[in-house]
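> For reference, the file coords_26.cif (mmCIF, N, CA and C atoms) is included below:
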data_my_file
loop_
_atom_site.label_atom_id
_atom_site.label_comp_id
_atom_site.auth_asym_id
_atom_site.auth_seq_id
_atom_site.Cartn_x
_atom_site.Cartn_y
_atom_site.Cartn_z
N MET A 1 130.44 165.04 94.62
CA MET A 1 129.99 165.83 93.48
C MET A 1 129.70 167.28 93.87
N GLY A 2 129.44 167.54 95.12
CA GLY A 2 129.16 168.91 95.51
C GLY A 2 127.73 169.36 95.29
N GLY A 3 126.82 168.42 95.22
CA GLY A 3 125.42 168.75 95.01
C GLY A 3 124.54 167.72 95.66
N ILE A 4 123.28 167.72 95.28
CA ILE A 4 122.30 166.75 95.77
C ILE A 4 121.94 165.85 94.61
N VAL A 5 122.06 164.55 94.82
CA VAL A 5 121.72 163.59 93.78
C VAL A 5 120.66 162.65 94.32
N PHE A 6 119.62 162.45 93.53
CA PHE A 6 118.55 161.53 93.91
C PHE A 6 118.77 160.20 93.21
N MET A 7 118.78 159.15 94.02
CA MET A 7 118.99 157.80 93.53
C MET A 7 117.63 157.12 93.38
N VAL A 8 117.49 156.33 92.33
CA VAL A 8 116.31 155.50 92.11
C VAL A 8 116.83 154.12 91.78
N ASN A 9 116.40 153.12 92.54
CA ASN A 9 116.86 151.75 92.34
C ASN A 9 118.38 151.65 92.38
N GLU A 10 119.00 152.35 93.34
CA GLU A 10 120.45 152.35 93.54
C GLU A 10 121.23 152.89 92.35
N LYS A 11 120.60 153.78 91.58
CA LYS A 11 121.24 154.39 90.41
C LYS A 11 121.06 155.89 90.45
N MET A 12 122.11 156.63 90.08
CA MET A 12 121.95 158.08 89.99
C MET A 12 120.89 158.37 88.95
N CYS A 13 119.98 159.27 89.30
CA CYS A 13 118.86 159.55 88.40
C CYS A 13 118.81 161.03 88.02
N VAL A 14 118.73 161.90 89.01
CA VAL A 14 118.62 163.33 88.77
C VAL A 14 119.18 164.05 90.00
N GLY A 15 119.66 165.26 89.79
CA GLY A 15 120.20 165.99 90.92
C GLY A 15 120.38 167.47 90.62
N ILE A 16 120.89 168.16 91.60
CA ILE A 16 121.17 169.59 91.48
C ILE A 16 122.64 169.80 91.83
N ILE A 17 123.36 170.43 90.94
CA ILE A 17 124.76 170.80 91.17
C ILE A 17 124.85 172.29 90.91
N LYS A 18 125.15 173.03 91.97
CA LYS A 18 125.10 174.50 91.94
C LYS A 18 123.69 174.90 91.52
N ASN A 19 123.52 175.61 90.41
CA ASN A 19 122.19 176.01 89.94
C ASN A 19 121.68 175.14 88.79
N ASN A 20 122.42 174.10 88.48
CA ASN A 20 122.09 173.27 87.32
C ASN A 20 121.39 171.99 87.73
N LEU A 21 120.44 171.58 86.91
CA LEU A 21 119.82 170.28 87.04
C LEU A 21 120.73 169.29 86.33
N MET A 22 121.08 168.19 87.00
CA MET A 22 121.83 167.12 86.38
C MET A 22 120.84 166.02 86.07
N ALA A 23 120.76 165.63 84.81
CA ALA A 23 119.78 164.63 84.41
C ALA A 23 120.47 163.46 83.72
N ARG A 24 120.15 162.26 84.13
CA ARG A 24 120.68 161.05 83.48
C ARG A 24 119.64 160.60 82.47
N VAL A 25 120.01 160.67 81.20
CA VAL A 25 119.07 160.34 80.12
C VAL A 25 119.59 159.17 79.32
N ASP A 26 118.70 158.55 78.62
CA ASP A 26 119.05 157.43 77.75
C ASP A 26 120.06 157.88 76.71
N PRO A 27 121.20 157.21 76.59
CA PRO A 27 122.19 157.58 75.57
C PRO A 27 121.60 157.60 74.16
N GLU A 28 120.52 156.85 73.93
CA GLU A 28 119.89 156.85 72.61
C GLU A 28 119.21 158.18 72.28
N ILE A 29 118.83 158.96 73.30
CA ILE A 29 118.21 160.25 73.05
C ILE A 29 119.10 161.41 73.50
N TYR A 30 120.34 161.09 73.84
CA TYR A 30 121.29 162.09 74.36
C TYR A 30 121.41 163.29 73.43
N GLU A 31 121.65 163.06 72.15
CA GLU A 31 121.82 164.16 71.19
C GLU A 31 120.55 165.00 71.08
N ALA A 32 119.41 164.36 71.08
CA ALA A 32 118.14 165.09 71.02
C ALA A 32 117.92 165.90 72.30
N ALA A 33 118.30 165.34 73.43
CA ALA A 33 118.15 166.05 74.70
C ALA A 33 118.98 167.33 74.71
N LEU A 34 120.13 167.29 74.07
CA LEU A 34 121.01 168.47 74.03
C LEU A 34 120.41 169.63 73.24
N THR A 35 119.40 169.36 72.42
CA THR A 35 118.79 170.43 71.62
C THR A 35 117.73 171.21 72.39
N LYS A 36 117.35 170.74 73.57
CA LYS A 36 116.32 171.40 74.37
C LYS A 36 116.88 172.67 75.02
N ASN A 37 116.02 173.64 75.25
CA ASN A 37 116.38 174.92 75.84
C ASN A 37 117.17 174.75 77.14
N GLY A 38 118.33 175.39 77.22
CA GLY A 38 119.13 175.40 78.44
C GLY A 38 119.93 174.15 78.71
N THR A 39 119.94 173.20 77.79
CA THR A 39 120.62 171.93 78.01
C THR A 39 122.00 171.93 77.38
N ARG A 40 122.95 171.36 78.10
CA ARG A 40 124.32 171.24 77.59
C ARG A 40 124.94 169.95 78.11
N GLU A 41 126.06 169.59 77.54
CA GLU A 41 126.76 168.39 77.99
C GLU A 41 127.15 168.54 79.45
N MET A 42 127.05 167.45 80.18
CA MET A 42 127.55 167.46 81.55
C MET A 42 129.06 167.33 81.47
N ASP A 43 129.73 168.38 81.86
CA ASP A 43 131.19 168.40 81.76
C ASP A 43 131.82 168.59 83.13
N PHE A 44 131.28 167.92 84.11
CA PHE A 44 131.72 168.03 85.49
C PHE A 44 133.20 167.70 85.62
N THR A 45 133.67 166.75 84.84
CA THR A 45 135.07 166.33 84.89
C THR A 45 135.89 167.02 83.79
N ARG A 46 135.35 168.07 83.21
CA ARG A 46 135.93 168.82 82.10
C ARG A 46 135.93 168.01 80.79
N ARG A 47 135.24 166.90 80.81
CA ARG A 47 134.99 166.11 79.61
C ARG A 47 133.51 165.75 79.62
N PRO A 48 132.88 165.72 78.45
CA PRO A 48 131.46 165.35 78.42
C PRO A 48 131.24 163.94 78.98
N VAL A 49 130.18 163.78 79.74
CA VAL A 49 129.81 162.48 80.29
C VAL A 49 128.57 162.02 79.53
N LYS A 50 128.74 161.07 78.64
CA LYS A 50 127.65 160.60 77.79
C LYS A 50 126.51 160.04 78.66
N GLY A 51 125.31 160.45 78.36
CA GLY A 51 124.15 159.98 79.10
C GLY A 51 123.73 160.90 80.23
N TYR A 52 124.54 161.92 80.50
CA TYR A 52 124.21 162.90 81.52
C TYR A 52 124.22 164.28 80.89
N VAL A 53 123.26 165.12 81.27
CA VAL A 53 123.22 166.49 80.78
C VAL A 53 123.04 167.44 81.96
N PHE A 54 123.52 168.66 81.78
CA PHE A 54 123.23 169.75 82.69
C PHE A 54 122.13 170.57 82.05
N VAL A 55 121.21 171.05 82.86
CA VAL A 55 120.16 171.93 82.37
C VAL A 55 120.22 173.21 83.20
N ASP A 56 120.47 174.32 82.51
CA ASP A 56 120.49 175.63 83.18
C ASP A 56 119.10 175.94 83.72
N PRO A 57 119.01 176.82 84.73
CA PRO A 57 117.71 177.11 85.35
C PRO A 57 116.60 177.48 84.36
N GLU A 58 116.90 178.22 83.29
CA GLU A 58 115.83 178.57 82.36
C GLU A 58 115.26 177.36 81.62
N GLY A 59 115.96 176.24 81.65
CA GLY A 59 115.47 175.02 81.00
C GLY A 59 114.59 174.16 81.89
N TRP A 60 114.45 174.54 83.16
CA TRP A 60 113.59 173.76 84.06
C TRP A 60 112.84 174.62 85.06
N ASP A 61 112.71 175.92 84.77
CA ASP A 61 112.05 176.80 85.72
C ASP A 61 110.52 176.70 85.71
N MET A 62 109.96 176.16 84.67
CA MET A 62 108.51 175.96 84.62
C MET A 62 108.20 174.52 85.06
N ASP A 63 107.08 174.33 85.75
CA ASP A 63 106.73 173.00 86.24
C ASP A 63 106.73 171.96 85.13
N ALA A 64 106.18 172.31 83.98
CA ALA A 64 106.10 171.35 82.86
C ALA A 64 107.49 170.97 82.37
N ASP A 65 108.42 171.92 82.34
CA ASP A 65 109.79 171.62 81.91
C ASP A 65 110.48 170.69 82.91
N LEU A 66 110.32 170.97 84.20
CA LEU A 66 110.94 170.12 85.22
C LEU A 66 110.34 168.72 85.18
N GLU A 67 109.04 168.64 85.02
CA GLU A 67 108.38 167.33 84.95
C GLU A 67 108.89 166.54 83.73
N TYR A 68 109.03 167.21 82.60
CA TYR A 68 109.56 166.56 81.39
C TYR A 68 110.95 165.99 81.64
N ARG A 69 111.83 166.78 82.27
CA ARG A 69 113.20 166.34 82.54
C ARG A 69 113.22 165.14 83.48
N ILE A 70 112.44 165.21 84.55
CA ILE A 70 112.42 164.11 85.50
C ILE A 70 111.83 162.85 84.87
N ASP A 71 110.80 163.01 84.05
CA ASP A 71 110.22 161.85 83.35
C ASP A 71 111.25 161.16 82.46
N LEU A 72 112.09 161.95 81.76
CA LEU A 72 113.15 161.34 80.93
C LEU A 72 114.08 160.49 81.79
N CYS A 73 114.45 161.02 82.94
CA CYS A 73 115.35 160.29 83.84
C CYS A 73 114.71 159.01 84.35
N LEU A 74 113.45 159.11 84.75
CA LEU A 74 112.76 157.94 85.28
C LEU A 74 112.49 156.88 84.22
N GLN A 75 112.27 157.31 82.97
CA GLN A 75 112.07 156.35 81.88
C GLN A 75 113.34 155.55 81.61
N PHE A 76 114.48 156.22 81.73
CA PHE A 76 115.74 155.53 81.47
C PHE A 76 116.20 154.67 82.64
N ASN A 77 115.81 155.01 83.84
CA ASN A 77 116.31 154.35 85.04
C ASN A 77 116.27 152.82 85.00
N PRO A 78 115.19 152.19 84.55
CA PRO A 78 115.19 150.72 84.53
C PRO A 78 116.27 150.13 83.62
N LYS A 79 116.69 150.86 82.60
CA LYS A 79 117.73 150.38 81.67
C LYS A 79 119.14 150.73 82.12
N ALA A 80 119.26 151.70 83.03
CA ALA A 80 120.57 152.19 83.46
C ALA A 80 121.30 151.15 84.31
N CYS A 81 122.60 151.19 84.24
CA CYS A 81 123.44 150.31 85.06
C CYS A 81 123.68 150.97 86.41
N SER A 82 123.78 150.14 87.42
CA SER A 82 124.12 150.63 88.75
C SER A 82 125.61 150.44 88.95
N ASP A 83 126.26 151.39 89.56
CA ASP A 83 127.68 151.28 89.86
C ASP A 83 127.80 151.01 91.35
N LYS A 84 127.59 149.75 91.73
CA LYS A 84 127.59 149.39 93.14
C LYS A 84 128.94 149.62 93.80
N LYS A 85 130.02 149.56 93.04
CA LYS A 85 131.35 149.81 93.60
C LYS A 85 131.41 151.21 94.20
N ASN A 86 130.95 152.21 93.45
CA ASN A 86 130.96 153.58 93.96
C ASN A 86 129.97 153.76 95.11
N LEU A 87 128.83 153.09 95.04
CA LEU A 87 127.85 153.21 96.12
C LEU A 87 128.42 152.66 97.41
N ASN A 88 129.07 151.52 97.33
CA ASN A 88 129.61 150.88 98.54
C ASN A 88 130.77 151.65 99.13
N SER A 89 131.51 152.39 98.33
CA SER A 89 132.64 153.15 98.85
C SER A 89 132.24 154.55 99.27
N GLY A 90 130.96 154.92 99.03
CA GLY A 90 130.50 156.24 99.40
C GLY A 90 130.89 157.33 98.42
N GLN A 91 131.30 156.96 97.21
CA GLN A 91 131.75 157.92 96.22
C GLN A 91 130.76 158.04 95.09
N GLY A 92 129.56 158.07 95.23
CA GLY A 92 128.74 157.99 94.09
C GLY A 92 127.93 159.07 93.70
#
Take the structure in the file and write it out as structure tokens.


Amino acid sequence: MGGIVFMVNEKMCVGIIKNNLMARVDPEIYEAALTKNGTREMDFTRRPVKGYVFVDPEGWDMDADLEYRIDLCLQFNPKACSDKKNLNSGQG
């Protein structure tokens, strides 16, 4: 991916790609998450990846904003699926 990704319970949770925060959020709140300051679709593959968002630095530069984003990721983590195939091949 070219960045740093933090795994929780063997699942991608949150990371940094270039200057952007990558956040894995519940697909049920995906559209609402996109309305937050600095948030856009994660288009790493040039197509939106449902359940993942990029957050520009102005959307997480304050401690409260960063904490909010990480809390969303951690709340969804227990419901998220793990892709053990990618983990085992080192491509995750």

> With DSSP run on the backbone, what are the strand (DSSP E or B) residues within chain A? I'd like them as a list in words.

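Those in chain A that DSSP calls strand (DSSP E or B) are Gly3, Ile4, Val5, Phe6, Met7, Val8, Lys11, Met12, Cys13, Val14, Gly15, Ile16, Ile17, Asn20, Leu21, Met22, Ala23, Arg24, Thr39, Arg40, Glu41, Tyr52, Val53, Phe54 and Val55 of chain A.
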
> Run the PyMOL selection byres ((chain A and resi 57-70) around 6) on the file and write out the hits as a list of chain:residue names.

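Matching residues under the PyMOL selection byres ((chain A and resi 57-70) around 6) are A:Asn19, A:Asn20, A:Leu21, A:Asn37, A:Gly38, A:Thr39, A:Val55, A:Asp56, A:Asp71, A:Leu72, A:Cys73, A:Leu74, A:Gln75.
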
> Measuring atom to atom with only C-alpha atoms, identify which of A:Met7, A:Ile29, A:Val14, A:Met22 is nearest to Asp43 in chain A.

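For Asp43 in chain A, the nearest of the given residues is A:Met22.
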
> In Å, how far is it from CA of Val25 in chain A to CA of Arg46 in chain A?

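It comes out at 19.0 Å.
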
> Apply the PyMOL selection byres (((chain A and resi 53 and name CA) around 9) and name CA) to the structure shown and report the selected residues as a PyMOL selection string.

chain A and resi 21-25+30+33-34+39-43+48-52+54-55
